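Below: entry-v5.cif (mmCIF, C-alpha atoms)
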data_entry
#
loop_
_atom_site.label_atom_id
_atom_site.label_comp_id
_atom_site.auth_asym_id
_atom_site.auth_seq_id
_atom_site.Cartn_x
_atom_site.Cartn_y
_atom_site.Cartn_z
CA MET A 153 184.21 -184.60 17.78
CA LYS A 154 186.43 -185.21 14.74
CA LYS A 155 183.97 -187.81 13.44
CA ILE A 156 181.09 -185.34 13.74
CA MET A 157 183.07 -182.66 11.87
CA MET A 158 183.99 -185.15 9.13
CA ILE A 159 180.34 -186.20 8.73
CA ALA A 160 179.27 -182.54 8.57
CA ALA A 161 181.94 -181.80 5.96
CA MET A 162 180.84 -184.80 3.87
CA MET A 163 177.21 -183.64 4.04
CA LEU A 164 178.20 -180.16 2.87
CA LEU A 165 180.23 -181.62 0.02
CA SER A 166 177.32 -183.82 -1.02
CA VAL A 167 174.98 -180.81 -1.04
CA GLY A 168 177.53 -178.90 -3.13
CA ALA A 169 177.67 -181.80 -5.56
CA PHE A 170 173.94 -181.52 -6.14
CA ALA A 171 174.00 -177.71 -6.53
CA GLN A 172 174.85 -178.00 -10.18
CA ASN A 173 174.24 -175.38 -12.84
CA GLU A 174 175.64 -175.63 -16.36
CA VAL A 175 178.46 -173.07 -16.43
CA GLY A 176 178.48 -171.04 -19.63
CA GLN A 177 175.15 -172.42 -20.83
CA PHE A 178 172.24 -170.29 -22.05
CA THR A 179 168.72 -171.54 -21.45
CA LEU A 180 165.34 -170.17 -22.49
CA LYS A 181 162.18 -170.55 -20.41
CA PRO A 182 158.71 -169.74 -21.75
CA MET A 183 156.42 -169.32 -18.73
CA ALA A 184 152.83 -168.53 -17.83
CA GLY A 185 150.83 -168.23 -14.65
CA VAL A 186 148.82 -165.98 -12.40
CA ASN A 187 149.26 -162.69 -10.55
CA LEU A 188 147.58 -161.84 -7.25
CA ALA A 189 147.89 -158.06 -7.35
CA THR A 190 146.99 -155.05 -5.26
CA LEU A 191 148.02 -151.44 -4.72
CA THR A 192 149.45 -150.25 -1.43
CA LYS A 193 147.67 -147.60 0.65
CA THR A 194 144.21 -148.58 -0.62
CA ASP A 195 141.51 -149.22 1.98
CA ASP A 196 139.00 -152.09 1.73
CA SER A 197 140.56 -153.36 -1.49
CA LYS A 198 140.65 -156.85 -2.98
CA LEU A 199 143.23 -158.67 -5.05
CA ARG A 200 143.04 -158.47 -8.80
CA VAL A 201 143.71 -161.89 -10.32
CA GLY A 202 145.44 -161.62 -13.68
CA LEU A 203 147.71 -163.27 -16.21
CA ALA A 204 151.51 -163.33 -16.10
CA ALA A 205 153.21 -164.68 -19.23
CA GLY A 206 156.44 -164.30 -21.13
CA VAL A 207 159.94 -165.69 -21.42
CA GLU A 208 163.20 -165.59 -19.47
CA ALA A 209 166.77 -166.30 -20.60
CA GLU A 210 169.30 -167.64 -18.09
CA TYR A 211 173.09 -167.83 -18.17
CA GLY A 212 175.08 -170.13 -15.91
CA VAL A 213 177.86 -168.13 -14.25
CA ALA A 214 178.94 -170.83 -11.79
CA GLU A 215 177.79 -174.27 -10.67
CA ASN A 216 175.34 -172.76 -8.20
CA PHE A 217 174.83 -169.25 -9.57
CA SER A 218 173.19 -167.79 -12.67
CA LEU A 219 171.82 -164.54 -14.08
CA SER A 220 168.52 -164.21 -15.91
CA LEU A 221 166.73 -161.60 -17.99
CA GLY A 222 163.09 -161.72 -19.02
CA ALA A 223 160.11 -160.01 -20.59
CA LEU A 224 156.70 -160.65 -19.02
CA TYR A 225 153.22 -159.37 -19.74
CA SER A 226 151.79 -158.71 -16.30
CA MET A 227 148.18 -157.93 -15.36
CA GLN A 228 148.18 -155.90 -12.14
CA GLY A 229 145.97 -153.41 -10.33
CA VAL A 230 143.34 -153.70 -7.61
CA LYS A 231 139.60 -154.26 -7.03
CA PHE A 232 137.03 -152.54 -4.84
CA THR A 233 133.50 -153.60 -3.89
CA GLU A 234 130.85 -151.36 -2.35
CA LYS A 235 127.40 -152.51 -1.25
CA GLY A 236 124.35 -150.50 -0.31
CA SER A 237 120.58 -150.12 -0.91
CA GLY A 238 120.34 -153.56 -2.53
CA ALA A 239 123.04 -152.78 -5.10
CA THR A 240 126.68 -153.79 -5.49
CA LEU A 241 129.34 -151.72 -7.22
CA ASP A 242 132.51 -153.51 -8.35
CA VAL A 243 135.38 -151.31 -9.55
CA THR A 244 138.59 -152.77 -11.01
CA TYR A 245 141.73 -150.80 -11.78
CA LYS A 246 143.33 -152.79 -14.61
CA LEU A 247 147.01 -151.83 -14.80
CA ASP A 248 148.92 -153.97 -17.29
CA TYR A 249 152.69 -153.78 -17.75
CA ILE A 250 155.59 -155.25 -19.66
CA ASN A 251 157.97 -156.25 -16.87
CA ILE A 252 161.71 -156.78 -17.45
CA PRO A 253 162.99 -158.92 -14.54
CA VAL A 254 166.78 -158.98 -14.06
CA LEU A 255 167.54 -161.68 -11.50
CA ALA A 256 170.41 -163.32 -9.68
CA ASN A 257 169.64 -167.01 -9.04
CA TYR A 258 171.43 -169.02 -6.36
CA TYR A 259 170.95 -172.80 -6.41
CA LEU A 260 170.88 -174.21 -2.88
CA PHE A 261 170.67 -177.74 -4.28
CA LYS A 262 169.79 -179.44 -7.54
CA GLY A 263 166.78 -177.76 -9.11
CA PHE A 264 166.01 -175.45 -6.16
CA ALA A 265 166.96 -171.78 -6.44
CA ILE A 266 166.37 -168.59 -4.51
CA LYS A 267 166.35 -165.39 -6.52
CA ALA A 268 166.24 -161.63 -6.23
CA GLY A 269 166.87 -158.66 -8.47
CA ILE A 270 165.40 -155.55 -10.00
CA GLN A 271 162.48 -155.15 -12.39
CA PRO A 272 161.77 -152.11 -14.56
CA ALA A 273 158.36 -152.06 -16.21
CA PHE A 274 156.52 -150.13 -18.91
CA LYS A 275 152.79 -149.49 -18.96
CA ALA A 276 150.94 -151.50 -21.61
CA SER A 277 147.42 -150.33 -20.76
CA ALA A 278 145.46 -148.71 -17.94
CA LYS A 279 141.68 -148.97 -17.65
CA VAL A 280 139.04 -148.75 -14.98
CA LYS A 281 136.08 -151.12 -15.16
CA ALA A 282 132.88 -150.61 -13.18
CA GLU A 283 129.91 -152.95 -12.80
CA LEU A 284 126.74 -152.02 -10.93
CA SER A 285 124.51 -154.95 -10.00
CA SER A 286 121.03 -154.81 -8.53
CA GLY A 287 119.02 -158.00 -8.35
CA SER A 288 119.25 -159.75 -11.73
CA ALA A 289 120.20 -156.58 -13.61
CA SER A 290 123.70 -155.22 -14.09
CA VAL A 291 125.33 -152.31 -15.89
CA LYS A 292 128.97 -152.39 -17.03
CA ASP A 293 131.30 -149.64 -18.18
CA SER A 294 135.01 -149.44 -18.98
CA GLU A 295 137.22 -146.51 -19.88
CA THR A 296 140.86 -145.47 -20.02
CA LEU A 297 142.37 -144.62 -16.65
CA ASP A 298 144.30 -141.35 -16.68
CA GLY A 299 147.18 -140.40 -14.42
CA VAL A 300 148.98 -143.77 -14.47
CA LYS A 301 152.76 -143.47 -14.73
CA GLY A 302 154.32 -144.98 -17.84
CA PHE A 303 157.30 -146.42 -15.97
CA ALA A 304 157.40 -148.51 -12.81
CA LEU A 305 160.17 -150.15 -10.81
CA SER A 306 159.89 -153.10 -8.44
CA ILE A 307 162.07 -155.53 -6.52
CA PRO A 308 161.24 -159.20 -7.19
CA PHE A 309 162.38 -162.00 -4.93
CA GLY A 310 161.32 -165.60 -4.53
CA LEU A 311 162.21 -169.18 -5.29
CA SER A 312 161.87 -171.81 -7.99
CA TYR A 313 162.06 -175.56 -8.36
CA GLU A 314 162.98 -177.38 -11.57
CA TYR A 315 162.05 -180.98 -12.34
CA GLU A 316 162.76 -182.54 -15.73
CA SER A 317 162.90 -179.10 -17.41
CA PHE A 318 159.61 -177.91 -15.87
CA VAL A 319 160.06 -174.97 -13.52
CA LEU A 320 157.66 -173.85 -10.79
CA ASP A 321 158.33 -170.25 -9.80
CA ALA A 322 156.91 -168.16 -6.94
CA ARG A 323 157.80 -164.49 -6.48
CA TYR A 324 156.77 -161.46 -4.51
CA ASN A 325 157.19 -158.16 -6.33
CA LEU A 326 157.60 -155.08 -4.15
CA GLY A 327 156.80 -151.82 -5.91
CA VAL A 328 159.36 -149.05 -5.49
CA THR A 329 157.87 -146.25 -7.59
CA LYS A 330 154.41 -144.69 -7.39
CA ALA A 331 151.77 -146.09 -9.74
CA PHE A 332 149.96 -142.76 -10.30
CA ASP A 333 150.91 -139.15 -10.84
CA ALA A 334 148.91 -138.28 -7.71
CA GLY A 335 148.93 -140.25 -4.46
CA ASP A 336 151.41 -142.67 -2.94
CA SER A 337 150.04 -146.07 -4.04
CA LYS A 338 152.56 -148.59 -5.38
CA ASN A 339 152.17 -151.92 -7.15
CA SER A 340 152.44 -155.01 -5.00
CA TRP A 341 151.82 -158.56 -6.23
CA PHE A 342 152.54 -162.24 -5.95
CA MET A 343 153.34 -164.16 -9.14
CA PHE A 344 153.10 -167.93 -9.61
CA THR A 345 154.20 -169.45 -12.92
CA LEU A 346 155.01 -172.72 -14.62
CA GLY A 347 157.74 -172.70 -17.24
CA TYR A 348 159.68 -175.08 -19.47
CA LYS A 349 163.45 -174.63 -19.69
CA PHE A 350 165.54 -175.74 -22.63
CA ALA A 351 169.15 -175.13 -23.63
CA LEU A 352 170.04 -172.95 -26.60
#
What do you get writing this file as structure tokens?
Amino acid sequence: MKKIMMIAAMMLLSVGAFAQNEVGQFTLKPMAGVNLATLTKTDDSKLRVGLAAGVEAEYGVAENFSLSLGALYSMQGVKFTEKGSGATLDVTYKLDYINIPVLANYYLFKGFAIKAGIQPAFKASAKVKAELSSGSASVKDSETLDGVKGFALSIPFGLSYEYESFVLDARYNLGVTKAFDAGDSKNSWFMFTLGYKFAL
């Protein structure tokens, strides 16, 4: 029994040895990737695929814990498709934000972190795009979408893996505030990015 406990303790110590984070070090991480976005409480909707890009700064608080702050341009929204009488109508709500993720990062082992935090956001643009297709012909139109709130709040959580300064990051962002002045729909999206981290 003592041997088993000693082996378990040694394994835990070895894991702790690999859970290294430079204490007191600032790093900067430019990053870019893709959003898979939707709005809650929307029937028969499809994901809007959009860009996520920006930069995050990270500060090492302890060997396995850090805090980060970022600024990301984030294309969100939702898509709808209606078919009938030989025609197809595609409607896309294009809601773009500047997101400010504030995250706590816990390193389980070298390079691998789980993270969660809070993310205020500010509307960059809001448009609705419609395309009506019938046979080989199509008609497109785009205009400003009214009634979109200028501020949004979400809760991001996910994980990341770093290898030789390259960082793969996957997050789910849960909307807390309503996206529109009317209705109860909230932003909801997955974000996948690739970044490059370097020390300042």
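For the set A:Phe350, A:Tyr245, A:Tyr225, A:Phe332, the residue with the smallest atom-to-atom gap to A:Thr296 is A:Tyr245, counting only C-alpha atoms.
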### Query
A:Ile270, A:Leu352, A:Ala289, A:Met227: which is nearest A:Thr190, counting only C-alpha atoms?
A:Met227
### Task
May I have the residues within 6 Å of A:Gly310 as a VMD selection string, using all atoms listed in the file and disregarding those fewer than 2 positions away in the same chain?
chain A and resid 266 to 267 322 to 323
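Running the PyMOL selection byres ((chain A and resi 320) around 8) on this file leaves Ser312, Tyr313, Glu314, Phe318, Val319, Asp321, Ala322, Phe344, Thr345, Leu346 and Gly347 of chain A selected.
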Next, the residues of the selection above should be written as a compact mmCIF listing (two decimals), in the frame of the given file with C-alpha atoms.
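Done, and the output landed in again_9.txt:
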# COMPACT_ATOMS: atom_id res chain seq x y z
CA SER A 312 161.87 -171.81 -7.99
CA TYR A 313 162.06 -175.56 -8.36
CA GLU A 314 162.98 -177.38 -11.57
CA PHE A 318 159.61 -177.91 -15.87
CA VAL A 319 160.06 -174.97 -13.52
CA ASP A 321 158.33 -170.25 -9.80
CA ALA A 322 156.91 -168.16 -6.94
CA PHE A 344 153.10 -167.93 -9.61
CA THR A 345 154.20 -169.45 -12.92
CA LEU A 346 155.01 -172.72 -14.62
CA GLY A 347 157.74 -172.70 -17.24
### Message
Report, in Å with one decimal, the straight-line distance from atom CA of A:Gln271 to atom CA of A:Thr194.
### Response
22.7 Å
#### Entry: Residue with smallest distance to A:Ser285 - pool A:Val243, A:Leu191, A:Ala334, A:Ala351, counting only C-alpha atoms
A:Val243
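Across A:Ala214, A:Leu260, A:Ala204, A:Ala209, the tightest approach to A:Asp248 is made by A:Ala204 when counting all atoms listed in the file.
With distances restricted to only C-alpha atoms, A:Ser197 is the closest residue to A:Glu234 from A:Ser197, A:Asn216, A:Ser277, A:Asn251.
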### Summary
Between A:Leu199, A:Tyr348, A:Lys262, A:Phe178, smallest distance to A:Ser317 by all atoms listed in the file belongs to A:Tyr348
### Task
Name the residues captured by the PyMOL selection byres ((chain A and resi 278) around 12) when it is applied to the shown file; answer as a PyMOL selection string.
chain A and resi 226-230+244-249+274-277+279-281+294-302+331-332
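Here atom CA of A:Ala189 stands at a distance of 28.3 Å from atom CA of A:Gly238.
If you apply the PyMOL selection byres ((chain A and resi 283) around 7) to this structure, you end up with Leu241, Asp242, Val243, Lys281, Ala282, Leu284, Ser285, Ser290, Val291, Lys292 and Asp293 of chain A.
Atom CA of A:Phe309 sits 22.9 Å away from atom CA of A:Gln177.
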Give the padded box for stretch 205-214 of chain A as lines of an AutoDock Vina configuration file: axis-aligned, covering all atoms listed in the file, 6 Å on each side, centre and edge lengths in Å to one decimal.
center_x = 166.1
center_y = -167.6
center_z = -16.6
size_x = 37.7
size_y = 18.5
size_z = 21.6
### Message
Applying 8 Å and all atoms listed in the file, which residues near A:Ile252 remain after dropping the ones on its own chain fewer than 6 positions away? List them as a VMD selection string.
### Response
chain A and resid 221 to 224 271 to 273
